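K.L.:
The following file, data-v3.cif, comprises mmCIF, C-alpha atoms:
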```
data_final
#
loop_
_atom_site.label_atom_id
_atom_site.label_comp_id
_atom_site.auth_asym_id
_atom_site.auth_seq_id
_atom_site.Cartn_x
_atom_site.Cartn_y
_atom_site.Cartn_z
CA MET A 1 27.40 -6.17 2.71
CA SER A 2 31.00 -5.06 3.17
CA LYS A 3 32.96 -5.71 6.36
CA ILE A 4 32.75 -2.04 7.40
CA GLY A 5 29.01 -2.05 6.72
CA LYS A 6 28.55 -5.13 8.90
CA ILE A 7 30.52 -3.52 11.72
CA LEU A 8 28.50 -0.29 11.56
CA PHE A 9 25.22 -2.19 11.38
CA GLY A 10 26.26 -4.37 14.31
CA LEU A 11 27.16 -1.31 16.39
CA THR A 12 23.78 0.21 15.55
CA ILE A 13 22.00 -2.92 16.76
CA LEU A 14 24.02 -2.93 19.96
CA LEU A 15 23.09 0.72 20.55
CA PHE A 16 19.43 -0.14 19.94
CA MET A 17 19.62 -3.02 22.43
CA ALA A 18 21.21 -0.71 25.01
CA MET A 19 18.34 1.75 24.60
CA LEU A 20 15.86 -1.10 25.12
CA VAL A 21 17.53 -1.84 28.46
CA ILE A 22 17.92 1.79 29.58
CA TYR A 23 14.40 2.93 28.60
CA PRO A 24 12.25 -0.20 28.96
CA ALA A 25 9.00 1.64 29.82
CA GLU A 26 8.96 3.72 26.61
CA PHE A 27 9.69 0.76 24.36
CA LEU A 28 7.22 -1.45 26.21
CA GLU A 29 4.42 1.06 25.70
CA ALA A 30 5.31 1.46 22.01
CA GLY A 31 5.26 -2.31 21.60
CA ARG A 32 1.88 -2.56 23.30
CA GLU A 33 0.41 0.09 21.01
CA ALA A 34 1.81 -1.73 17.98
CA VAL A 35 0.33 -5.04 19.13
CA ARG A 36 -3.05 -3.34 19.68
CA LEU A 37 -2.82 -1.87 16.19
CA CYS A 38 -2.15 -5.32 14.74
CA LEU A 39 -4.95 -7.04 16.67
CA ASP A 40 -7.59 -4.32 16.34
CA VAL A 41 -6.91 -2.94 12.86
CA ILE A 42 -4.33 -4.67 10.66
CA ILE A 43 -5.30 -8.34 11.09
CA PRO A 44 -9.12 -8.00 10.88
CA SER A 45 -8.94 -5.58 7.96
CA LEU A 46 -6.20 -7.23 5.88
CA PHE A 47 -6.47 -10.96 6.60
CA PRO A 48 -9.79 -11.46 4.71
CA PHE A 49 -8.25 -9.82 1.64
CA LEU A 50 -5.19 -12.05 1.76
CA VAL A 51 -7.27 -15.23 2.04
CA SER A 52 -9.75 -14.15 -0.65
CA VAL A 53 -7.04 -13.22 -3.13
CA GLY A 54 -5.15 -16.45 -2.46
CA ILE A 55 -8.27 -18.48 -3.25
CA LEU A 56 -9.02 -16.49 -6.41
CA VAL A 57 -5.48 -16.94 -7.73
CA LYS A 58 -5.60 -20.70 -7.11
CA LEU A 59 -9.00 -20.94 -8.82
CA GLY A 60 -7.56 -19.35 -11.96
CA LEU A 61 -9.31 -15.95 -11.96
CA PRO A 62 -6.12 -14.10 -13.07
CA ARG A 63 -5.97 -16.20 -16.26
CA TYR A 64 -9.57 -15.37 -17.06
CA MET A 65 -8.92 -11.69 -16.38
CA SER A 66 -5.79 -11.76 -18.54
CA ARG A 67 -7.81 -12.90 -21.54
CA ASN A 68 -10.47 -10.20 -21.12
CA LEU A 69 -8.75 -7.19 -19.58
CA SER A 70 -5.44 -7.12 -21.47
CA PRO A 71 -6.86 -4.73 -24.13
CA LEU A 72 -7.35 -2.27 -21.26
CA MET A 73 -4.29 -2.95 -19.08
CA ARG A 74 -1.68 -3.31 -21.87
CA PRO A 75 -2.03 0.17 -23.42
CA LEU A 76 -2.21 1.85 -20.02
CA PHE A 77 0.37 -0.01 -17.94
CA ASN A 78 1.95 -2.66 -20.22
CA ILE A 79 0.89 -5.47 -17.89
CA PRO A 80 -1.49 -8.39 -18.57
CA GLY A 81 -5.17 -8.19 -17.68
CA SER A 82 -4.49 -10.25 -14.56
CA GLY A 83 -2.67 -7.19 -13.18
CA ALA A 84 -6.08 -5.55 -12.69
CA LEU A 85 -6.50 -7.76 -9.63
CA ALA A 86 -3.30 -6.37 -8.09
CA LEU A 87 -4.25 -2.78 -8.98
CA VAL A 88 -7.82 -2.90 -7.63
CA MET A 89 -7.02 -4.84 -4.47
CA GLY A 90 -3.95 -2.70 -3.82
CA LEU A 91 -6.07 0.46 -3.96
CA ILE A 92 -8.92 -0.70 -1.73
CA SER A 93 -7.19 -2.92 0.83
CA GLY A 94 -3.85 -1.27 1.60
CA TYR A 95 -0.23 -2.28 2.09
CA PRO A 96 1.18 -4.78 1.28
CA LEU A 97 -1.53 -6.73 -0.58
CA GLY A 98 -0.53 -5.40 -4.01
CA ALA A 99 2.98 -6.80 -3.58
CA LYS A 100 1.60 -10.14 -2.39
CA ILE A 101 -0.62 -10.43 -5.48
CA ALA A 102 2.22 -9.43 -7.83
CA ARG A 103 4.38 -12.23 -6.44
CA GLU A 104 1.56 -14.79 -6.68
CA LEU A 105 0.82 -13.81 -10.30
CA TYR A 106 4.50 -14.19 -11.16
CA GLU A 107 4.88 -17.55 -9.43
CA SER A 108 1.66 -18.88 -11.00
CA GLY A 109 2.90 -17.95 -14.48
CA ASP A 110 0.26 -15.27 -15.08
CA CYS A 111 2.87 -12.56 -15.72
CA THR A 112 6.56 -12.22 -16.45
CA LYS A 113 9.20 -11.08 -13.97
CA THR A 114 9.35 -7.60 -15.52
CA GLU A 115 5.57 -7.28 -15.44
CA ALA A 116 5.51 -8.25 -11.77
CA GLU A 117 8.15 -5.60 -11.02
CA ARG A 118 6.02 -3.03 -12.87
CA MET A 119 3.09 -3.99 -10.63
CA LEU A 120 5.25 -3.56 -7.53
CA ALA A 121 5.94 0.02 -8.59
CA PHE A 122 2.30 1.16 -8.55
CA CYS A 123 -0.06 -1.55 -7.24
CA ASN A 124 1.02 -1.53 -3.59
CA ASN A 125 -0.82 1.38 -1.98
CA SER A 126 -2.64 2.51 1.13
CA GLY A 127 -6.36 1.82 1.32
CA PRO A 128 -9.32 4.18 1.85
CA LEU A 129 -10.00 2.73 5.30
CA PHE A 130 -6.65 4.04 6.54
CA ILE A 131 -6.47 7.30 4.55
CA ILE A 132 -10.06 8.48 4.98
CA GLY A 133 -10.85 6.79 8.29
CA ALA A 134 -7.62 6.78 10.30
CA VAL A 135 -5.83 9.80 8.78
CA GLY A 136 -8.74 11.99 7.68
CA VAL A 137 -11.21 11.41 10.52
CA GLY A 138 -8.99 10.08 13.30
CA MET A 139 -5.85 12.21 12.96
CA LEU A 140 -7.06 15.33 11.12
CA SER A 141 -10.74 15.29 12.18
CA SER A 142 -11.93 15.92 8.64
CA PRO A 143 -13.41 13.38 6.19
CA ALA A 144 -12.96 15.97 3.42
CA ILE A 145 -9.21 16.01 3.98
CA GLY A 146 -9.17 12.21 3.94
CA GLN A 147 -10.99 12.20 0.60
CA ILE A 148 -8.55 14.71 -0.88
CA LEU A 149 -5.61 12.63 0.28
CA TYR A 150 -7.12 9.41 -1.11
CA VAL A 151 -7.90 10.96 -4.52
CA SER A 152 -4.31 12.23 -4.73
CA HIS A 153 -3.06 8.80 -3.66
CA VAL A 154 -5.00 6.98 -6.39
CA LEU A 155 -4.07 9.45 -9.13
CA SER A 156 -0.39 9.27 -8.21
CA ALA A 157 -0.44 5.44 -8.30
CA ILE A 158 -2.08 5.43 -11.75
CA SER A 159 0.41 8.04 -12.98
CA VAL A 160 3.35 5.92 -11.85
CA GLY A 161 1.79 2.91 -13.57
CA VAL A 162 1.63 4.83 -16.86
CA LEU A 163 5.22 6.02 -16.46
CA PHE A 164 6.51 2.52 -15.63
CA LYS A 165 5.01 0.90 -18.71
CA CYS A 166 8.31 1.84 -20.37
CA TYR A 167 10.30 -0.05 -17.73
CA HIS A 168 11.83 -3.17 -19.27
CA LYS A 169 14.87 -5.40 -18.94
CA LYS A 170 17.68 -5.51 -21.47
CA GLY A 171 16.77 -7.62 -24.48
CA GLU A 172 13.05 -7.36 -23.79
CA PRO A 173 10.76 -5.46 -26.23
CA LEU A 174 9.60 -2.09 -24.92
CA MET A 175 5.91 -2.86 -25.44
CA LEU A 176 4.38 -6.33 -25.59
CA PRO A 177 1.31 -7.22 -27.70
CA VAL A 178 -1.96 -5.71 -26.54
CA THR A 179 -3.74 -9.06 -26.32
CA ASP A 180 -2.47 -11.94 -24.25
CA ILE A 181 -3.41 -15.48 -25.24
CA VAL A 182 -3.31 -17.21 -21.90
CA PRO A 183 -4.71 -20.73 -21.83
CA CYS A 184 -7.28 -21.30 -19.09
CA LYS A 185 -5.77 -24.30 -17.37
CA LYS A 186 -8.12 -26.59 -15.51
CA ASN A 187 -7.62 -26.32 -11.79
CA GLU A 188 -7.34 -29.79 -10.30
CA GLN A 189 -7.03 -28.57 -6.72
CA GLY A 190 -10.12 -28.99 -4.55
CA ILE A 191 -11.99 -26.11 -2.95
CA VAL A 192 -11.08 -27.18 0.59
CA SER A 193 -7.42 -27.47 -0.37
CA CYS A 194 -7.51 -24.00 -1.98
CA ILE A 195 -8.95 -22.49 1.18
CA GLY A 196 -6.43 -24.26 3.41
CA ASP A 197 -3.45 -23.16 1.33
CA ALA A 198 -4.78 -19.59 1.13
CA VAL A 199 -5.29 -19.37 4.90
CA TYR A 200 -1.82 -20.80 5.59
CA SER A 201 -0.17 -18.37 3.15
CA ALA A 202 -2.18 -15.44 4.53
CA ALA A 203 -1.21 -16.33 8.11
CA GLN A 204 2.47 -16.37 7.16
CA THR A 205 2.15 -12.98 5.48
CA MET A 206 0.30 -11.49 8.46
CA ALA A 207 3.04 -12.71 10.81
CA LYS A 208 5.65 -10.87 8.71
CA ILE A 209 3.56 -7.69 8.53
CA CYS A 210 2.81 -7.55 12.25
CA GLY A 211 6.42 -8.34 13.09
CA PHE A 212 7.65 -5.33 11.13
CA VAL A 213 4.93 -3.09 12.59
CA ILE A 214 6.07 -3.94 16.13
CA LEU A 215 9.76 -3.63 15.25
CA PHE A 216 9.44 -0.21 13.61
CA ALA A 217 7.27 1.06 16.46
CA ALA A 218 10.34 0.55 18.61
CA VAL A 219 12.70 1.95 15.97
CA VAL A 220 10.75 5.23 15.82
CA ILE A 221 11.13 5.57 19.60
CA ALA A 222 14.90 5.08 19.23
CA VAL A 223 15.28 7.80 16.59
CA PRO A 224 17.07 10.79 18.17
CA ASN A 225 15.28 14.07 18.76
CA PHE A 226 16.48 16.74 16.29
CA GLY A 227 15.13 19.65 18.33
CA ASN A 228 12.68 20.58 15.57
CA ASP A 229 9.12 19.28 15.41
CA VAL A 230 9.00 19.34 11.60
CA ALA A 231 12.25 17.39 11.30
CA ASN A 232 11.14 14.88 13.95
CA ALA A 233 7.82 14.31 12.19
CA ALA A 234 9.47 13.94 8.77
CA VAL A 235 12.03 11.42 10.04
CA ALA A 236 9.32 9.46 11.86
CA GLY A 237 7.29 9.36 8.62
CA ILE A 238 10.27 7.98 6.72
CA PHE A 239 10.47 5.10 9.17
CA GLU A 240 6.77 4.46 9.91
CA ILE A 241 3.86 6.29 8.29
CA THR A 242 1.35 6.13 11.16
CA GLU A 243 3.63 7.76 13.72
CA GLY A 244 4.95 10.25 11.16
CA ILE A 245 1.48 11.39 10.11
CA LEU A 246 0.38 11.68 13.74
CA ARG A 247 3.28 14.04 14.42
CA LEU A 248 2.65 16.02 11.22
CA ALA A 249 -1.04 16.40 12.07
CA ALA A 250 -0.13 17.95 15.43
CA LEU A 251 2.02 20.70 13.87
CA ARG A 252 0.28 24.07 14.20
CA THR A 253 2.82 26.35 12.54
CA MET A 254 2.99 24.67 9.13
CA PRO A 255 0.55 26.06 6.49
CA LEU A 256 -2.29 23.62 5.87
CA PRO A 257 -1.68 23.00 2.11
CA VAL A 258 2.01 22.33 2.80
CA LYS A 259 1.19 20.05 5.72
CA LEU A 260 -1.28 18.02 3.68
CA ALA A 261 1.18 17.81 0.78
CA VAL A 262 3.84 16.38 3.12
CA ILE A 263 1.33 13.91 4.59
CA SER A 264 0.34 12.92 1.05
CA PHE A 265 4.01 12.29 0.22
CA VAL A 266 4.44 10.11 3.32
CA LEU A 267 1.32 8.07 2.43
CA ALA A 268 2.48 7.44 -1.14
CA PHE A 269 6.13 6.83 -0.23
CA SER A 270 4.95 4.29 2.39
CA GLY A 271 8.02 4.43 4.66
CA LEU A 272 10.76 1.97 5.53
CA SER A 273 8.40 -0.21 7.59
CA VAL A 274 6.20 -0.99 4.57
CA MET A 275 9.25 -1.40 2.36
CA ALA A 276 10.60 -3.96 4.81
CA GLN A 277 7.26 -5.78 4.67
CA VAL A 278 7.38 -5.85 0.86
CA THR A 279 10.98 -7.08 0.95
CA ALA A 280 9.93 -9.96 3.21
CA ILE A 281 6.97 -10.81 0.95
CA ILE A 282 8.95 -10.98 -2.31
CA LYS A 283 12.01 -12.63 -0.74
CA GLY A 284 12.99 -15.73 -2.70
CA SER A 285 10.92 -14.80 -5.75
CA GLY A 286 13.77 -13.16 -7.66
CA LEU A 287 11.85 -9.87 -8.01
CA SER A 288 13.85 -6.67 -7.64
CA MET A 289 12.97 -4.01 -5.06
CA LEU A 290 14.48 -1.19 -7.13
CA PRO A 291 11.37 -0.53 -9.28
CA TYR A 292 9.28 -0.49 -6.11
CA VAL A 293 11.49 2.05 -4.33
CA ILE A 294 11.71 4.33 -7.37
CA GLY A 295 7.99 3.99 -8.01
CA LYS A 296 7.03 4.88 -4.42
CA PHE A 297 9.30 7.91 -4.33
CA THR A 298 7.88 9.10 -7.66
CA ALA A 299 4.34 8.51 -6.40
CA GLY A 300 5.14 10.55 -3.30
CA ILE A 301 6.26 13.55 -5.38
CA ILE A 302 3.20 13.33 -7.67
CA SER A 303 0.77 12.84 -4.79
CA ALA A 304 2.18 15.80 -2.86
CA GLY A 305 1.85 18.02 -5.94
CA ILE A 306 -1.73 16.94 -6.59
CA THR A 307 -2.73 17.47 -2.95
CA TYR A 308 -1.18 20.92 -2.84
CA ALA A 309 -2.91 21.88 -6.11
CA ILE A 310 -6.32 20.64 -4.89
CA CYS A 311 -6.00 22.48 -1.57
CA THR A 312 -4.95 25.67 -3.35
CA LEU A 313 -7.85 25.47 -5.81
CA LEU A 314 -10.38 24.79 -3.07
CA SER A 315 -9.18 27.67 -0.90
CA LEU A 316 -8.66 30.25 -3.68
CA ASN A 317 -10.78 29.50 -6.77
CA LEU A 318 -13.81 28.24 -4.84
CA GLY A 319 -13.58 30.96 -2.21
CA LEU A 320 -13.27 28.52 0.68
CA SER A 321 -11.25 29.48 3.71
CA ALA A 322 -8.46 27.22 4.85
CA GLN A 323 -10.28 27.07 8.17
CA VAL A 324 -12.90 24.86 6.50
CA PHE A 325 -10.26 22.13 6.30
CA ALA A 326 -8.51 22.96 9.57
CA PRO A 327 -8.38 19.88 11.81
CA ARG A 328 -9.36 19.80 15.46
CA TYR A 329 -6.23 18.62 17.22
CA GLU A 330 -8.02 17.39 20.32
CA ILE A 331 -8.98 14.18 18.51
CA GLN A 332 -6.15 11.69 18.25
CA TYR A 333 -6.13 8.42 16.37
CA THR A 334 -6.18 5.22 18.41
CA ALA A 335 -6.42 1.64 17.26
CA GLN A 336 -9.67 1.19 19.20
CA ARG A 337 -11.53 3.97 17.33
CA ILE A 338 -13.08 1.54 14.79
CA PRO A 339 -14.46 -1.74 16.23
CA PRO A 340 -12.69 -4.85 14.87
CA ALA A 341 -16.01 -6.42 13.84
CA ASN A 342 -16.80 -3.39 11.68
CA LEU A 343 -13.35 -3.53 10.10
CA PHE A 344 -13.85 -7.21 9.27
CA MET A 345 -17.27 -6.64 7.68
CA ASN A 346 -16.04 -3.53 5.83
CA SER A 347 -13.17 -5.59 4.42
CA LEU A 348 -15.51 -8.32 3.18
CA THR A 349 -17.82 -5.71 1.67
CA ALA A 350 -14.88 -4.06 -0.09
CA VAL A 351 -13.81 -7.43 -1.51
CA ALA A 352 -17.34 -7.97 -2.84
CA TRP A 353 -17.42 -4.53 -4.45
CA ALA A 354 -13.99 -5.07 -6.01
CA LEU A 355 -15.07 -8.37 -7.54
CA ALA A 356 -18.29 -6.79 -8.80
CA ALA A 357 -16.29 -4.00 -10.44
CA ILE A 358 -13.99 -6.53 -12.09
CA VAL A 359 -16.98 -8.50 -13.44
CA VAL A 360 -18.52 -5.33 -14.88
CA VAL A 361 -15.28 -4.32 -16.60
CA ILE A 362 -14.85 -7.83 -18.03
CA ALA A 363 -18.42 -7.77 -19.34
CA ILE A 364 -17.80 -4.39 -21.00
CA MET A 365 -14.58 -5.62 -22.62
CA ARG A 366 -16.24 -8.81 -23.92
CA THR A 367 -19.16 -6.82 -25.33
CA ARG A 368 -16.75 -4.40 -26.99
CA ARG A 369 -14.83 -7.30 -28.52
CA LYS A 370 -18.02 -8.88 -29.89
CA PHE A 371 -19.10 -5.63 -31.53
CA LYS A 372 -15.66 -5.24 -33.12
CA SER A 373 -15.83 -8.76 -34.55
#
```
When written as structure tokens, how does the structure in this file appear?
P.N.:
Amino acid sequence: MSKIGKILFGLTILLFMAMLVIYPAEFLEAGREAVRLCLDVIIPSLFPFLVSVGILVKLGLPRYMSRNLSPLMRPLFNIPGSGALALVMGLISGYPLGAKIARELYESGDCTKTEAERMLAFCNNSGPLFIIGAVGVGMLSSPAIGQILYVSHVLSAISVGVLFKCYHKKGEPLMLPVTDIVPCKKNEQGIVSCIGDAVYSAAQTMAKICGFVILFAAVVIAVPNFGNDVANAAVAGIFEITEGILRLAALRTMPLPVKLAVISFVLAFSGLSVMAQVTAIIKGSGLSMLPYVIGKFTAGIISAGITYAICTLLSLNLGLSAQVFAPRYEIQYTAQRIPPANLFMNSLTAVAWALAAIVVVIAIMRTRRKFKS
């Protein structure tokens, strides 16, 4: 950072600190809500995923997946079969698990640096629990809207993955061989040790995530009011997606397809808070954030277009009125809406379903390979 940049950044921090002193009640309440969000939603829903994935990586599952799923993942995304773990978990668990898995695959030698950066571009996404539950039901009072947003979210992530298969570093071949011969190394680490390391790593990651959630809850409060509700909501979404979507959901003047398209963009773009979390997770690994930023912006554009197209088709071609999808604004999202115990069990169930899906795909690929031989 240049000297002028340091001075400007320092002045910004001083201004932020002054606002904390002048308006303590507002920032205190925002911090409390952020802490409740972490304790009631983020930790119980994300921590089991982080521990489970850490154990699976240490037990060598990515190497087994790489041998069996590369014929599927290479042509589509130009990543090894082990990348399926990052893709599936990133789609069902939420930010920033996809980035965490991409780093662990790179550090364990299950993918190259470029392949890990490709995964960052499209494997770090919001999960169905947040999009359908929190956004669809809690903020927009419509499960149907949540489902539309999640379908658009998944399709945009897959589209970015296909586009980024051409991303490569100078001197590297554009496309690598379809099959990866990855030796299945014997894991000499004990089960108890694997669990302990996974829990320790997951706890560190959760501390970073919750820290950024609390920080950006205060940052959103400090953002100046632009005198326009649309502009305020858009700026809030750029910084932190939950607050931004809440403000967008409350807008009554914006046409519904346009509103949902903007919300879809915010979900796919992820916001500066999530980007800061990803930066903290990949720090020290040598992975570049540039593919991630470009990938998320591209995903936002694609997701917004898909959402707008779906809403237009549903309201025009199927003869459905926009009122069918009109939210009831009396219902507001709060962290206490879904009990923590249910979130924890839902997370474990989702992990089980994800593993079952991976096993089925591996079985199909092995059967296909046997028939070919």
K.L.:
Can you measure atom CA of A:Pro255 to atom CA of A:Gln147 for me? One decimal in Å is fine.
P.N.:
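Separating atom CA of A:Pro255 from atom CA of A:Gln147 is a distance of 19.0 Å.
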K.L.:
Atom CA of A:Ala304 and atom CA of A:Ala261 are how many Å apart?
P.N.:
4.3 Å
K.L.:
Using only C-alpha atoms, determine which residues lie at most 12 Å from A:Ala309, disregarding the query and same-chain residues fewer than 5 positions distant; provide the list as a PyMOL selection string.
P.N.:
chain A and resi 148-149+152+257-258+260-261+264+302-304+314-317
K.L.:
Name the residues that the PyMOL selection byres ((chain A and resi 246-252) around 12) pulls out of this structure, and write them as a PyMOL selection string.
P.N.:
chain A and resi 134-142+145+220+228-238+240-245+253-267+326-334
K.L.:
Save out the residues we just selected, C-alpha atoms, as a PDB file, keeping the file's coordinate frame.
P.N.:
```pdb
ATOM      1  CA  ALA A 134      -7.620   6.780  10.300  1.00  0.00           C
ATOM      2  CA  VAL A 135      -5.830   9.800   8.780  1.00  0.00           C
ATOM      3  CA  GLY A 136      -8.740  11.990   7.680  1.00  0.00           C
ATOM      4  CA  VAL A 137     -11.210  11.410  10.520  1.00  0.00           C
ATOM      5  CA  GLY A 138      -8.990  10.080  13.300  1.00  0.00           C
ATOM      6  CA  MET A 139      -5.850  12.210  12.960  1.00  0.00           C
ATOM      7  CA  LEU A 140      -7.060  15.330  11.120  1.00  0.00           C
ATOM      8  CA  SER A 141     -10.740  15.290  12.180  1.00  0.00           C
ATOM      9  CA  SER A 142     -11.930  15.920   8.640  1.00  0.00           C
ATOM     10  CA  ILE A 145      -9.210  16.010   3.980  1.00  0.00           C
ATOM     11  CA  VAL A 220      10.750   5.230  15.820  1.00  0.00           C
ATOM     12  CA  ASN A 228      12.680  20.580  15.570  1.00  0.00           C
ATOM     13  CA  ASP A 229       9.120  19.280  15.410  1.00  0.00           C
ATOM     14  CA  VAL A 230       9.000  19.340  11.600  1.00  0.00           C
ATOM     15  CA  ALA A 231      12.250  17.390  11.300  1.00  0.00           C
ATOM     16  CA  ASN A 232      11.140  14.880  13.950  1.00  0.00           C
ATOM     17  CA  ALA A 233       7.820  14.310  12.190  1.00  0.00           C
ATOM     18  CA  ALA A 234       9.470  13.940   8.770  1.00  0.00           C
ATOM     19  CA  VAL A 235      12.030  11.420  10.040  1.00  0.00           C
ATOM     20  CA  ALA A 236       9.320   9.460  11.860  1.00  0.00           C
ATOM     21  CA  GLY A 237       7.290   9.360   8.620  1.00  0.00           C
ATOM     22  CA  ILE A 238      10.270   7.980   6.720  1.00  0.00           C
ATOM     23  CA  GLU A 240       6.770   4.460   9.910  1.00  0.00           C
ATOM     24  CA  ILE A 241       3.860   6.290   8.290  1.00  0.00           C
ATOM     25  CA  THR A 242       1.350   6.130  11.160  1.00  0.00           C
ATOM     26  CA  GLU A 243       3.630   7.760  13.720  1.00  0.00           C
ATOM     27  CA  GLY A 244       4.950  10.250  11.160  1.00  0.00           C
ATOM     28  CA  ILE A 245       1.480  11.390  10.110  1.00  0.00           C
ATOM     29  CA  THR A 253       2.820  26.350  12.540  1.00  0.00           C
ATOM     30  CA  MET A 254       2.990  24.670   9.130  1.00  0.00           C
ATOM     31  CA  PRO A 255       0.550  26.060   6.490  1.00  0.00           C
ATOM     32  CA  LEU A 256      -2.290  23.620   5.870  1.00  0.00           C
ATOM     33  CA  PRO A 257      -1.680  23.000   2.110  1.00  0.00           C
ATOM     34  CA  VAL A 258       2.010  22.330   2.800  1.00  0.00           C
ATOM     35  CA  LYS A 259       1.190  20.050   5.720  1.00  0.00           C
ATOM     36  CA  LEU A 260      -1.280  18.020   3.680  1.00  0.00           C
ATOM     37  CA  ALA A 261       1.180  17.810   0.780  1.00  0.00           C
ATOM     38  CA  VAL A 262       3.840  16.380   3.120  1.00  0.00           C
ATOM     39  CA  ILE A 263       1.330  13.910   4.590  1.00  0.00           C
ATOM     40  CA  SER A 264       0.340  12.920   1.050  1.00  0.00           C
ATOM     41  CA  PHE A 265       4.010  12.290   0.220  1.00  0.00           C
ATOM     42  CA  VAL A 266       4.440  10.110   3.320  1.00  0.00           C
ATOM     43  CA  LEU A 267       1.320   8.070   2.430  1.00  0.00           C
ATOM     44  CA  ALA A 326      -8.510  22.960   9.570  1.00  0.00           C
ATOM     45  CA  PRO A 327      -8.380  19.880  11.810  1.00  0.00           C
ATOM     46  CA  ARG A 328      -9.360  19.800  15.460  1.00  0.00           C
ATOM     47  CA  TYR A 329      -6.230  18.620  17.220  1.00  0.00           C
ATOM     48  CA  GLU A 330      -8.020  17.390  20.320  1.00  0.00           C
ATOM     49  CA  ILE A 331      -8.980  14.180  18.510  1.00  0.00           C
ATOM     50  CA  GLN A 332      -6.150  11.690  18.250  1.00  0.00           C
ATOM     51  CA  TYR A 333      -6.130   8.420  16.370  1.00  0.00           C
ATOM     52  CA  THR A 334      -6.180   5.220  18.410  1.00  0.00           C
TER      53      THR A 334
END
```
K.L.:
Residue by residue, what does the PyMOL selection byres ((chain A and resi 210-212) around 10) grab here? Present the result as a list in words.
P.N.:
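Here the PyMOL selection byres ((chain A and resi 210-212) around 10) matches Ala34, Val35, Leu37, Cys38, Leu39, Ile42, Ile43, Thr205, Met206, Ala207, Lys208, Ile209, Val213, Ile214, Leu215, Phe216, Ala217, Ala218, Glu240, Leu272, Ser273, Val274, Met275, Ala276, Gln277 and Ala280 of chain A.
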K.L.:
Quote the spacing between atom CA of A:Ile281 and atom CA of A:Leu72 in Å to one decimal place.
P.N.:
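Distance between the two atoms: 27.8 Å.
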K.L.:
Would you kindly translate the PyMOL selection byres ((chain A and resi 155) around 12) into the concrete residues it picks from this file, as a PDB file with C-alpha atoms, in the frame of the given file?
P.N.:
```pdb
ATOM      1  CA  LEU A  91      -6.070   0.460  -3.960  1.00  0.00           C
ATOM      2  CA  PHE A 122       2.300   1.160  -8.550  1.00  0.00           C
ATOM      3  CA  CYS A 123      -0.060  -1.550  -7.240  1.00  0.00           C
ATOM      4  CA  ASN A 125      -0.820   1.380  -1.980  1.00  0.00           C
ATOM      5  CA  ILE A 148      -8.550  14.710  -0.880  1.00  0.00           C
ATOM      6  CA  LEU A 149      -5.610  12.630   0.280  1.00  0.00           C
ATOM      7  CA  TYR A 150      -7.120   9.410  -1.110  1.00  0.00           C
ATOM      8  CA  VAL A 151      -7.900  10.960  -4.520  1.00  0.00           C
ATOM      9  CA  SER A 152      -4.310  12.230  -4.730  1.00  0.00           C
ATOM     10  CA  HIS A 153      -3.060   8.800  -3.660  1.00  0.00           C
ATOM     11  CA  VAL A 154      -5.000   6.980  -6.390  1.00  0.00           C
ATOM     12  CA  SER A 156      -0.390   9.270  -8.210  1.00  0.00           C
ATOM     13  CA  ALA A 157      -0.440   5.440  -8.300  1.00  0.00           C
ATOM     14  CA  ILE A 158      -2.080   5.430 -11.750  1.00  0.00           C
ATOM     15  CA  SER A 159       0.410   8.040 -12.980  1.00  0.00           C
ATOM     16  CA  VAL A 160       3.350   5.920 -11.850  1.00  0.00           C
ATOM     17  CA  GLY A 161       1.790   2.910 -13.570  1.00  0.00           C
ATOM     18  CA  VAL A 162       1.630   4.830 -16.860  1.00  0.00           C
ATOM     19  CA  SER A 264       0.340  12.920   1.050  1.00  0.00           C
ATOM     20  CA  ALA A 268       2.480   7.440  -1.140  1.00  0.00           C
ATOM     21  CA  ALA A 299       4.340   8.510  -6.400  1.00  0.00           C
ATOM     22  CA  GLY A 300       5.140  10.550  -3.300  1.00  0.00           C
ATOM     23  CA  ILE A 301       6.260  13.550  -5.380  1.00  0.00           C
ATOM     24  CA  ILE A 302       3.200  13.330  -7.670  1.00  0.00           C
ATOM     25  CA  SER A 303       0.770  12.840  -4.790  1.00  0.00           C
ATOM     26  CA  ALA A 304       2.180  15.800  -2.860  1.00  0.00           C
ATOM     27  CA  GLY A 305       1.850  18.020  -5.940  1.00  0.00           C
ATOM     28  CA  ILE A 306      -1.730  16.940  -6.590  1.00  0.00           C
ATOM     29  CA  THR A 307      -2.730  17.470  -2.950  1.00  0.00           C
TER      30      THR A 307
END
```
